[in-house]
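*Asks:* Compact mmCIF, C-alpha atoms, file input-v6.txt:
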```txt
# COMPACT_ATOMS: atom_id res chain seq x y z
CA MET A 12 15.88 3.46 38.74
CA GLU A 13 16.58 -0.25 38.71
CA GLN A 14 16.51 -1.76 35.20
CA ASP A 15 13.86 -4.33 36.16
CA ILE A 16 11.52 -1.58 37.41
CA ILE A 17 12.05 0.38 34.18
CA ASP A 18 11.28 -2.79 32.24
CA LEU A 19 8.13 -3.42 34.27
CA ILE A 20 6.83 0.13 33.81
CA THR A 21 7.65 0.01 30.08
CA LYS A 22 5.74 -3.26 29.78
CA ARG A 23 2.71 -1.80 31.62
CA VAL A 24 2.72 1.37 29.50
CA ARG A 25 2.85 -0.80 26.42
CA GLU A 26 -0.05 -2.94 27.61
CA GLU A 27 -2.06 0.20 28.38
CA LEU A 28 -1.31 1.66 24.94
CA VAL A 29 -2.35 -1.55 23.25
CA ARG A 30 -5.57 -1.72 25.27
CA GLU A 31 -6.53 1.92 24.75
CA PHE A 32 -5.29 2.94 21.31
CA LEU A 33 -3.76 0.22 19.25
CA ILE A 34 -5.48 -2.28 16.99
CA PRO A 35 -3.82 -5.64 16.31
CA VAL A 36 -3.13 -6.33 12.65
CA GLU A 37 -3.96 -9.79 11.35
CA VAL A 38 -2.76 -10.99 7.95
CA SER A 39 -5.29 -13.13 6.10
CA ALA A 40 -3.79 -15.88 3.96
CA ARG A 41 -5.71 -16.94 0.86
CA HIS A 42 -8.74 -19.01 1.85
CA VAL A 43 -12.10 -20.38 0.80
CA HIS A 44 -15.52 -20.27 2.43
CA LEU A 45 -17.53 -23.14 0.91
CA SER A 46 -21.28 -23.47 0.49
CA LYS A 47 -22.90 -26.66 1.83
CA GLU A 48 -23.55 -27.78 -1.76
CA HIS A 49 -19.88 -27.38 -2.69
CA ILE A 50 -18.79 -29.20 0.49
CA CYS A 51 -21.00 -32.13 -0.48
CA GLU A 52 -19.75 -32.15 -4.09
CA LEU A 53 -16.08 -31.87 -3.12
CA PHE A 54 -15.91 -34.16 -0.11
CA GLY A 55 -18.93 -36.45 -0.54
CA TYR A 56 -22.33 -36.37 1.17
CA GLU A 57 -21.24 -38.58 4.08
CA TYR A 58 -17.96 -36.78 4.82
CA GLU A 59 -17.58 -34.61 7.94
CA LEU A 60 -14.98 -31.84 7.69
CA ALA A 61 -12.73 -31.74 10.76
CA LYS A 62 -12.19 -28.48 12.65
CA LYS A 63 -8.48 -27.63 12.93
CA LYS A 64 -8.51 -24.43 15.00
CA ASP A 65 -10.58 -21.44 16.01
CA LEU A 66 -9.83 -18.07 14.37
CA SER A 67 -9.67 -14.69 16.09
CA GLN A 68 -13.23 -13.77 15.06
CA PRO A 69 -15.64 -15.62 17.42
CA GLY A 70 -17.45 -18.52 15.73
CA GLN A 71 -15.02 -18.61 12.78
CA PHE A 72 -12.66 -21.55 12.39
CA GLN A 73 -10.38 -23.38 9.97
CA TYR A 74 -10.89 -26.97 8.80
CA ASN A 75 -8.11 -29.53 8.51
CA GLU A 76 -8.85 -30.07 4.83
CA ARG A 77 -7.18 -27.93 2.19
CA VAL A 78 -8.24 -27.43 -1.44
CA MET A 79 -6.65 -26.45 -4.72
CA LEU A 80 -7.64 -23.37 -6.74
CA ILE A 81 -7.51 -23.79 -10.53
CA GLY A 82 -7.42 -20.81 -12.87
CA PRO A 83 -6.81 -20.51 -16.62
CA LYS A 84 -3.08 -19.83 -16.13
CA GLY A 85 -2.11 -21.65 -12.94
CA VAL A 86 -3.06 -23.49 -9.78
CA LEU A 87 -2.58 -22.80 -6.07
CA GLY A 88 -2.56 -25.81 -3.76
CA GLY A 89 -2.94 -26.18 0.00
CA VAL A 90 -5.54 -23.43 0.34
CA ALA A 91 -7.26 -23.16 3.75
CA VAL A 92 -10.99 -23.84 4.06
CA LEU A 93 -12.77 -21.75 6.70
CA GLY A 94 -16.02 -22.50 8.49
CA PRO A 95 -18.87 -22.37 9.14
CA PRO A 96 -20.25 -22.96 5.62
CA ARG A 97 -21.65 -19.92 3.80
CA TYR A 98 -24.78 -19.51 1.74
CA LYS A 99 -22.53 -18.97 -1.32
CA THR A 100 -18.92 -20.05 -1.85
CA GLN A 101 -16.40 -17.18 -1.49
CA VAL A 102 -12.71 -17.35 -2.39
CA GLU A 103 -10.38 -14.65 -1.02
CA ILE A 104 -7.00 -14.23 -2.72
CA THR A 105 -4.39 -11.52 -3.30
CA ARG A 106 -3.67 -9.66 -6.54
CA THR A 107 -0.42 -11.66 -6.68
CA ASP A 108 -2.43 -14.90 -6.52
CA ALA A 109 -4.78 -13.55 -9.19
CA PHE A 110 -1.84 -13.02 -11.58
CA ALA A 111 -0.63 -16.58 -10.92
CA LEU A 112 -4.12 -18.02 -11.53
CA GLY A 113 -4.75 -15.83 -14.56
CA ILE A 114 -7.93 -14.14 -13.33
CA ASP A 115 -8.83 -10.52 -12.55
CA PRO A 116 -11.16 -10.44 -9.52
CA PRO A 117 -12.38 -7.14 -8.01
CA VAL A 118 -11.37 -5.64 -4.65
CA ARG A 119 -14.57 -6.10 -2.62
CA ASP A 120 -16.11 -6.35 0.83
CA SER A 121 -16.89 -9.88 1.98
CA GLY A 122 -20.24 -11.09 0.64
CA ASP A 123 -20.32 -8.67 -2.31
CA LEU A 124 -19.91 -11.24 -5.06
CA GLY A 125 -21.86 -9.83 -8.04
CA LYS A 126 -19.64 -10.01 -11.14
CA SER A 127 -16.71 -11.25 -9.04
CA GLY A 128 -14.11 -13.73 -10.31
CA THR A 129 -14.65 -17.34 -11.35
CA LEU A 130 -12.34 -20.34 -10.87
CA PHE A 131 -12.45 -24.05 -10.12
CA ILE A 132 -11.93 -25.59 -6.67
CA ALA A 133 -10.57 -29.12 -6.39
CA TYR A 134 -10.14 -31.70 -3.62
CA ASP A 135 -8.72 -35.11 -4.42
CA LYS A 136 -10.57 -36.16 -7.59
CA SER A 137 -13.55 -33.82 -7.18
CA ILE A 138 -13.87 -30.41 -8.73
CA VAL A 139 -16.51 -27.66 -8.53
CA LYS A 140 -16.90 -24.38 -10.38
CA GLY A 141 -16.85 -21.31 -8.15
CA GLU A 142 -18.89 -19.09 -10.45
CA GLU A 143 -18.63 -15.43 -9.36
CA SER A 144 -16.96 -16.44 -6.11
CA VAL A 145 -13.53 -14.79 -6.13
CA ILE A 146 -12.65 -11.44 -4.55
CA ILE A 147 -9.59 -9.61 -3.29
CA ALA A 148 -10.86 -8.75 0.19
CA LYS A 149 -11.02 -5.03 0.90
CA ARG A 150 -9.03 -4.19 4.02
CA HIS A 151 -11.27 -3.65 7.06
CA ILE A 152 -11.39 -3.42 10.84
CA HIS A 153 -13.60 -5.67 12.96
CA MET A 154 -14.63 -4.16 16.28
CA THR A 155 -17.28 -4.35 18.98
CA LYS A 156 -19.79 -1.58 19.74
CA LYS A 157 -17.69 -0.67 22.79
CA ASP A 158 -14.52 -0.40 20.66
CA SER A 159 -16.38 1.83 18.20
CA GLN A 160 -17.36 4.24 20.99
CA ARG A 161 -13.77 4.35 22.21
CA PHE A 162 -12.44 5.07 18.69
CA ASN A 163 -15.39 7.40 17.93
CA VAL A 164 -16.32 5.65 14.69
CA HIS A 165 -19.39 3.75 13.54
CA ASP A 166 -20.32 0.71 11.45
CA LYS A 167 -19.53 1.07 7.72
CA GLN A 168 -17.46 4.24 8.32
CA VAL A 169 -14.38 4.60 6.11
CA VAL A 170 -11.16 5.53 7.92
CA SER A 171 -7.42 5.85 7.33
CA VAL A 172 -5.21 3.51 9.31
CA LYS A 173 -1.57 3.99 10.18
CA ILE A 174 0.39 0.74 10.24
CA TYR A 175 3.44 0.48 12.48
CA GLY A 176 5.22 -2.15 10.38
CA GLN A 177 8.77 -2.30 9.08
CA ARG A 178 7.70 -0.32 5.98
CA PRO A 179 5.31 2.18 7.61
CA LEU A 180 2.34 3.45 5.66
CA ILE A 181 -1.20 4.75 6.00
CA PHE A 182 -3.96 2.69 4.41
CA GLU A 183 -6.80 4.91 3.23
CA ASP A 184 -10.27 3.63 2.38
CA VAL A 185 -10.51 1.15 5.28
CA LEU A 186 -14.00 -0.07 6.18
CA VAL A 187 -15.03 -0.23 9.85
CA ARG A 188 -17.30 -3.18 10.68
CA VAL A 189 -19.00 -3.06 14.08
CA SER A 190 -20.70 -6.02 15.74
CA ASP A 191 -20.63 -7.44 19.24
CA SER A 192 -19.85 -10.79 17.62
CA TYR A 193 -16.47 -9.41 16.45
CA ALA A 194 -13.03 -9.21 18.07
CA LEU A 195 -10.88 -6.10 17.49
CA ARG A 196 -8.66 -6.76 14.48
CA MET A 197 -7.43 -4.95 11.38
CA HIS A 198 -7.50 -7.44 8.50
CA ILE A 199 -5.13 -7.08 5.55
CA ASP A 200 -3.98 -9.52 2.89
CA PHE A 201 -0.42 -10.69 2.16
CA ASP A 202 0.21 -8.07 -0.55
CA GLU A 203 -0.69 -5.39 1.98
CA ALA A 204 1.30 -7.11 4.73
CA ASN A 205 4.40 -7.33 2.54
CA ALA A 206 4.06 -3.71 1.38
CA SER A 207 3.85 -2.51 5.01
CA GLY A 208 6.29 -5.00 6.51
CA SER A 209 3.51 -6.30 8.76
CA THR A 210 3.26 -9.66 10.46
CA ASP A 211 0.76 -10.99 12.98
CA GLY A 212 1.54 -8.89 16.04
CA THR A 213 2.01 -5.64 14.13
CA VAL A 214 -0.28 -2.90 15.43
CA CYS A 215 -2.08 0.06 13.87
CA THR A 216 -4.11 3.12 14.84
CA ILE A 217 -7.04 4.91 13.26
CA TYR A 218 -5.36 7.93 11.71
CA GLU A 219 -8.26 9.83 10.24
CA ALA A 220 -12.01 9.29 9.98
CA SER A 221 -13.80 10.11 6.74
CA ALA A 222 -14.82 13.75 6.27
CA GLU A 223 -18.48 13.05 5.55
CA ASP A 224 -19.06 11.76 9.09
CA MET B 19 -20.25 24.80 -23.39
CA GLU B 20 -19.73 22.34 -26.19
CA GLN B 21 -18.70 18.90 -24.99
CA ASP B 22 -15.53 18.88 -27.10
CA ILE B 23 -14.39 22.19 -25.58
CA ILE B 24 -15.04 20.84 -22.08
CA ASP B 25 -13.05 17.73 -22.98
CA LEU B 26 -10.17 19.84 -24.32
CA ILE B 27 -10.00 22.03 -21.21
CA THR B 28 -10.22 18.97 -18.97
CA LYS B 29 -7.34 17.39 -20.88
CA ARG B 30 -5.23 20.54 -20.57
CA VAL B 31 -5.93 20.89 -16.85
CA ARG B 32 -4.94 17.29 -16.40
CA GLU B 33 -1.71 17.77 -18.33
CA GLU B 34 -0.93 20.85 -16.23
CA LEU B 35 -1.61 18.96 -13.00
CA VAL B 36 0.62 16.10 -14.09
CA ARG B 37 3.41 18.49 -15.07
CA GLU B 38 3.23 20.59 -11.93
CA PHE B 39 2.23 18.30 -9.07
CA LEU B 40 1.98 14.64 -9.91
CA ILE B 41 4.71 12.04 -9.96
CA PRO B 42 4.34 8.99 -12.23
CA VAL B 43 4.45 5.67 -10.39
CA GLU B 44 6.53 2.91 -11.93
CA VAL B 45 6.27 -0.67 -10.72
CA SER B 46 9.61 -2.51 -10.66
CA ALA B 47 9.40 -6.20 -11.46
CA ARG B 48 11.99 -8.51 -9.89
CA HIS B 49 15.34 -8.03 -11.62
CA VAL B 50 19.08 -8.55 -11.42
CA HIS B 51 22.02 -6.19 -11.93
CA LEU B 52 25.04 -8.37 -12.70
CA SER B 53 28.72 -7.68 -12.12
CA LYS B 54 31.07 -8.09 -15.10
CA GLU B 55 32.56 -11.19 -13.44
CA HIS B 56 29.15 -12.81 -13.07
CA ILE B 57 28.23 -11.93 -16.67
CA CYS B 58 31.40 -13.70 -17.85
CA GLU B 59 30.77 -16.73 -15.64
CA LEU B 60 27.09 -17.06 -16.61
CA PHE B 61 27.23 -16.28 -20.33
CA GLY B 62 30.87 -16.99 -21.25
CA TYR B 63 33.77 -14.61 -21.81
CA GLU B 64 33.02 -14.16 -25.54
CA TYR B 65 29.28 -13.60 -25.21
CA GLU B 66 27.76 -10.15 -25.75
CA LEU B 67 24.48 -9.48 -23.95
CA ALA B 68 21.87 -7.90 -26.26
CA LYS B 69 20.05 -4.75 -25.22
CA LYS B 70 16.25 -5.22 -25.32
CA LYS B 71 14.97 -1.76 -24.35
CA ASP B 72 15.80 1.43 -22.54
CA LEU B 73 14.26 2.02 -19.12
CA SER B 74 12.75 5.26 -17.82
CA GLN B 75 15.93 6.21 -15.94
CA PRO B 76 18.44 7.58 -18.50
CA GLY B 77 21.32 5.18 -19.22
CA GLN B 78 19.51 2.20 -17.68
CA PHE B 79 18.31 -0.61 -19.92
CA GLN B 80 17.11 -4.20 -19.99
CA TYR B 81 18.91 -7.06 -21.76
CA ASN B 82 17.17 -9.71 -23.84
CA GLU B 83 18.58 -12.47 -21.66
CA ARG B 84 16.72 -13.66 -18.58
CA VAL B 85 18.07 -15.67 -15.66
CA MET B 86 16.77 -17.99 -12.97
CA LEU B 87 16.98 -17.29 -9.24
CA ILE B 88 17.55 -20.36 -7.06
CA GLY B 89 16.85 -20.31 -3.33
CA PRO B 90 16.73 -23.06 -0.70
CA LYS B 91 12.95 -23.50 -1.08
CA GLY B 92 12.17 -22.58 -4.67
CA VAL B 93 13.18 -21.06 -7.98
CA LEU B 94 11.96 -18.09 -10.02
CA GLY B 95 12.58 -18.22 -13.77
CA GLY B 96 12.51 -15.58 -16.49
CA VAL B 97 14.01 -12.84 -14.31
CA ALA B 98 15.02 -9.63 -16.14
CA VAL B 99 18.69 -8.61 -16.29
CA LEU B 100 19.30 -4.85 -16.25
CA GLY B 101 22.32 -2.95 -17.50
CA PRO B 102 24.83 -1.47 -17.44
CA PRO B 103 26.84 -3.96 -15.31
CA ARG B 104 27.43 -3.02 -11.67
CA TYR B 105 30.53 -3.28 -9.53
CA LYS B 106 28.69 -5.91 -7.44
CA THR B 107 25.73 -8.11 -8.42
CA GLN B 108 22.43 -6.92 -6.93
CA VAL B 109 19.15 -8.87 -6.99
CA GLU B 110 15.89 -7.00 -6.26
CA ILE B 111 12.84 -9.06 -5.34
CA THR B 112 9.61 -8.69 -3.35
CA ARG B 113 8.82 -10.17 0.06
CA THR B 114 6.44 -12.51 -1.80
CA ASP B 115 9.35 -13.71 -3.97
CA ALA B 116 11.51 -14.10 -0.86
CA PHE B 117 8.94 -16.49 0.69
CA ALA B 118 8.85 -18.51 -2.53
CA LEU B 119 12.66 -18.70 -2.66
CA GLY B 120 12.99 -19.41 1.06
CA ILE B 121 15.25 -16.47 1.94
CA ASP B 122 14.80 -13.43 4.19
CA PRO B 123 16.50 -10.42 2.57
CA PRO B 124 16.37 -6.94 4.17
CA VAL B 125 14.46 -3.91 2.87
CA ARG B 126 17.29 -1.66 1.66
CA ASP B 127 18.30 1.19 -0.59
CA SER B 128 20.01 0.15 -3.82
CA GLY B 129 23.73 -0.47 -3.33
CA ASP B 130 23.46 -1.14 0.43
CA LEU B 131 24.30 -4.85 0.32
CA GLY B 132 26.10 -5.54 3.61
CA LYS B 133 24.53 -8.64 5.23
CA SER B 134 21.90 -8.78 2.49
CA GLY B 135 20.44 -12.04 1.14
CA THR B 136 22.27 -14.78 -0.73
CA LEU B 137 21.01 -16.99 -3.59
CA PHE B 138 22.20 -18.62 -6.79
CA ILE B 139 21.70 -17.20 -10.27
CA ALA B 140 21.54 -19.56 -13.25
CA TYR B 141 21.56 -19.23 -17.04
CA ASP B 142 21.44 -22.31 -19.22
CA LYS B 143 23.99 -24.66 -17.58
CA SER B 144 25.97 -22.00 -15.71
CA ILE B 145 25.38 -20.98 -12.14
CA VAL B 146 26.92 -18.34 -9.87
CA LYS B 147 26.50 -17.58 -6.18
CA GLY B 148 25.13 -14.13 -5.43
CA GLU B 149 26.67 -13.81 -1.96
CA GLU B 150 25.08 -10.91 -0.06
CA SER B 151 23.37 -9.67 -3.21
CA VAL B 152 19.63 -9.80 -2.50
CA ILE B 153 17.50 -6.92 -1.24
CA ILE B 154 13.88 -5.88 -1.20
CA ALA B 155 14.28 -2.40 -2.70
CA LYS B 156 13.11 0.40 -0.43
CA ARG B 157 10.55 2.55 -2.21
CA HIS B 158 12.00 5.80 -3.50
CA ILE B 159 11.51 8.74 -5.83
CA HIS B 160 13.98 9.65 -8.57
CA MET B 161 13.97 13.32 -9.53
CA THR B 162 16.13 16.03 -11.07
CA LYS B 163 17.47 19.04 -9.18
CA LYS B 164 14.79 21.15 -10.85
CA ASP B 165 12.05 18.75 -9.72
CA SER B 166 13.41 18.88 -6.17
CA GLN B 167 13.16 22.68 -6.13
CA ARG B 168 9.58 22.50 -7.39
CA PHE B 169 8.63 19.94 -4.70
CA ASN B 170 10.74 21.73 -2.07
CA VAL B 171 12.65 18.60 -1.05
CA HIS B 172 16.31 17.59 -1.22
CA ASP B 173 18.44 14.54 -1.91
CA LYS B 174 18.13 11.78 0.73
CA GLN B 175 15.09 13.45 2.33
CA VAL B 176 12.42 11.07 3.62
CA VAL B 177 8.84 11.94 2.62
CA SER B 178 5.33 10.50 2.70
CA VAL B 179 3.73 9.82 -0.66
CA LYS B 180 0.03 9.59 -1.41
CA ILE B 181 -0.76 7.04 -4.12
CA TYR B 182 -3.86 7.55 -6.23
CA GLY B 183 -4.38 3.86 -7.01
CA GLN B 184 -7.46 1.68 -6.79
CA ARG B 185 -6.65 0.97 -3.12
CA PRO B 186 -5.45 4.42 -2.03
CA LEU B 187 -2.79 4.71 0.64
CA ILE B 188 0.05 6.87 1.87
CA PHE B 189 3.53 5.35 1.84
CA GLU B 190 5.65 6.74 4.66
CA ASP B 191 9.42 6.45 4.78
CA VAL B 192 10.02 7.16 1.09
CA LEU B 193 13.53 8.19 0.10
CA VAL B 194 14.04 11.11 -2.30
CA ARG B 195 17.00 10.67 -4.68
CA VAL B 196 18.05 13.77 -6.61
CA SER B 197 20.34 13.75 -9.63
CA ASP B 198 20.21 15.42 -13.00
CA SER B 199 20.81 11.98 -14.49
CA TYR B 200 17.37 10.87 -13.20
CA ALA B 201 13.86 11.07 -14.63
CA LEU B 202 10.93 11.84 -12.29
CA ARG B 203 9.50 8.51 -11.10
CA MET B 204 8.21 6.95 -7.89
CA HIS B 205 9.51 3.37 -7.78
CA ILE B 206 7.60 0.69 -5.90
CA ASP B 207 7.68 -3.11 -6.07
CA PHE B 208 4.83 -5.48 -6.96
CA ASP B 209 3.79 -6.08 -3.34
CA GLU B 210 3.41 -2.32 -2.94
CA ALA B 211 1.70 -2.00 -6.33
CA ASN B 212 -0.80 -4.72 -5.47
CA ALA B 213 -1.49 -3.29 -2.02
CA SER B 214 -2.19 0.14 -3.51
CA GLY B 215 -3.90 -1.04 -6.69
CA SER B 216 -1.22 0.74 -8.74
CA THR B 217 -0.15 0.01 -12.28
CA ASP B 218 2.25 1.87 -14.57
CA GLY B 219 0.40 5.12 -15.21
CA THR B 220 -0.81 5.53 -11.61
CA VAL B 221 0.27 8.87 -10.14
CA CYS B 222 1.23 10.08 -6.67
CA THR B 223 2.00 13.28 -4.78
CA ILE B 224 4.41 14.14 -2.00
CA TYR B 225 2.10 14.28 1.00
CA GLU B 226 4.43 15.28 3.79
CA ALA B 227 8.14 15.96 4.13
CA SER B 228 10.04 14.65 7.12
CA ALA B 229 9.89 16.82 10.27
CA GLU B 230 13.66 16.99 10.78
CA ASP B 231 14.15 19.01 7.61
```
Now, as a test, write the supplied structure out as structure tokens.
*Replies:*
Amino acid sequence: MEQDIIDLITKRVREELVREFLIPVEVSARHVHLSKEHICELFGYEYELAKKKDLSQPGQFQYNERVMLIGPKGVLGGVAVLGPPRYKTQVEITRTDAFALGIDPPVRDSGDLGKSGTLFIAYDKSIVKGEESVIIAKRHIHMTKKDSQRFNVHDKQVVSVKIYGQRPLIFEDVLVRVSDSYALRMHIDFDEANASGSTDGTVCTIYEASAED
Amino acid sequence: MEQDIIDLITKRVREELVREFLIPVEVSARHVHLSKEHICELFGYEYELAKKKDLSQPGQFQYNERVMLIGPKGVLGGVAVLGPPRYKTQVEITRTDAFALGIDPPVRDSGDLGKSGTLFIAYDKSIVKGEESVIIAKRHIHMTKKDSQRFNVHDKQVVSVKIYGQRPLIFEDVLVRVSDSYALRMHIDFDEANASGSTDGTVCTIYEASAED
């Protein structure tokens, strides 16, 4: 066969595989979701945060402004602020970041902030206390109802996920989150990305669903 | 049964399990193996490095002295120096460290330094160039010949390893290294430790041996 025909067929097979079986991996950098109160305290009551770009999950976006995280042992500057505002401020960092800051936050699902970590958030000359705001986000997959039927899993199911990165591994204990407001993505943090040799564009598959289902 | 008898039996079962099936996980912090030439250039020809402590692998130890790694985008201070000296200087860091330093070293087995990363190593006012010296160490298991018979694997075999950390996962592509000069340990770096919620004391099992064997 001609090389260009082989290339074309290979490309189409790949596209088909991606559409039918593979889940794109997205690496979440450290970031902050701010409450309206904290936005007012940090930026002033008149200030309007400027949207920088939309994120892969519909309705989610990043602001232009960046903040600094302050812990008892260190600071991390240039941290992304994501919108829209949340009811309660939530800071998502890696274990590596936690060591640098000198705090010991739990590995948690988004929104589960009881007894989570505490640090200070600064912008320019303003500073607020993020009391019980800090988690290491538990790895998870966002998908639509239609995706969930295709993968034969359901909302809140725990699955194992095989990552096809440079350092291949299988993440166990991965939460499936189903909503038609989601886009199909496996979300991991930078520690997990580095351990699996993943970058944006790496793909994964659901390897095993939990036995209790 | 009396509680103390239950506790005793539980303890003995655990000890048996550890002895028969489980492999201790050891997290390697960033470190440097220096060549004799680099030791002379950094510390002076008269200077004797002082041994701080023995490591788990027989014959391997850490010196008291610590060095600084200097890359194009950043520095990392207080880096451990391990002995005995090597024929060629080898620097082992994480992907996270590599970002901070501004270099892009490969994931490699120890000793495989062709086209590896380059950075500068400093101590006090001395500095040497570690040309093709930097790798991200590929995860691996050290074991004795007797261990290898028990686990039914051989030297250089590639296996999958299940980690019983706080964020459970299965590392694929793990190299088995067999020598009677080794002690049984699974070695991972801090990115891998953080991604799996492992600390020293975490255990793992060989989950699957490679198909080609």
*Asks:* Tell me which of A:Asp211, A:Glu13, A:Asp108, A:Glu143 sits closest to chain B, counting only C-alpha atoms.
*Replies:*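 Ranked by minimum distance to chain B, first place goes to A:Asp108.
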*Asks:* Using only C-alpha atoms, select each residue of chain B with any atom at most 7 Å away from an atom of chain A, and give the selection as a PyMOL selection string.
*Replies:* chain B and resi 113+186-191+209-210+212-213
*Asks:* Residues within 10 Å of region 46-61 of chain B, please, as a PyMOL selection string. Count all atoms listed in the file; anything in the same chain fewer than 2 positions from it doesn't count.
*Replies:* chain B and resi 43-44+63-67+80+83-87+94+96-112+115+139-148+151-152+154-155+157+204-211+218
*Asks:* Could you check how far CA of Val196 (chain B) sits from CA of Arg32 (chain B), in Å to one decimal?
*Replies:*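 Computed distance, CA of Val196 (chain B) to CA of Arg32 (chain B), equals 25.2 Å.
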*Asks:* To one decimal in Å, tell me the separation between CA of Ala201 (chain B) and CA of Ser74 (chain B).
*Replies:*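 Separation between CA of Ala201 (chain B) and CA of Ser74 (chain B): 6.7 Å.
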*Asks:* Name all residues at most 8 Å from Lys70 (chain B) (count only C-alpha atoms; drop same-chain ones fewer than 5 positions away) and give them as a list in words.
*Replies:*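 Counting only C-alpha atoms, the residues come to Phe79, Gln80, Tyr81 and Asn82 of chain B.
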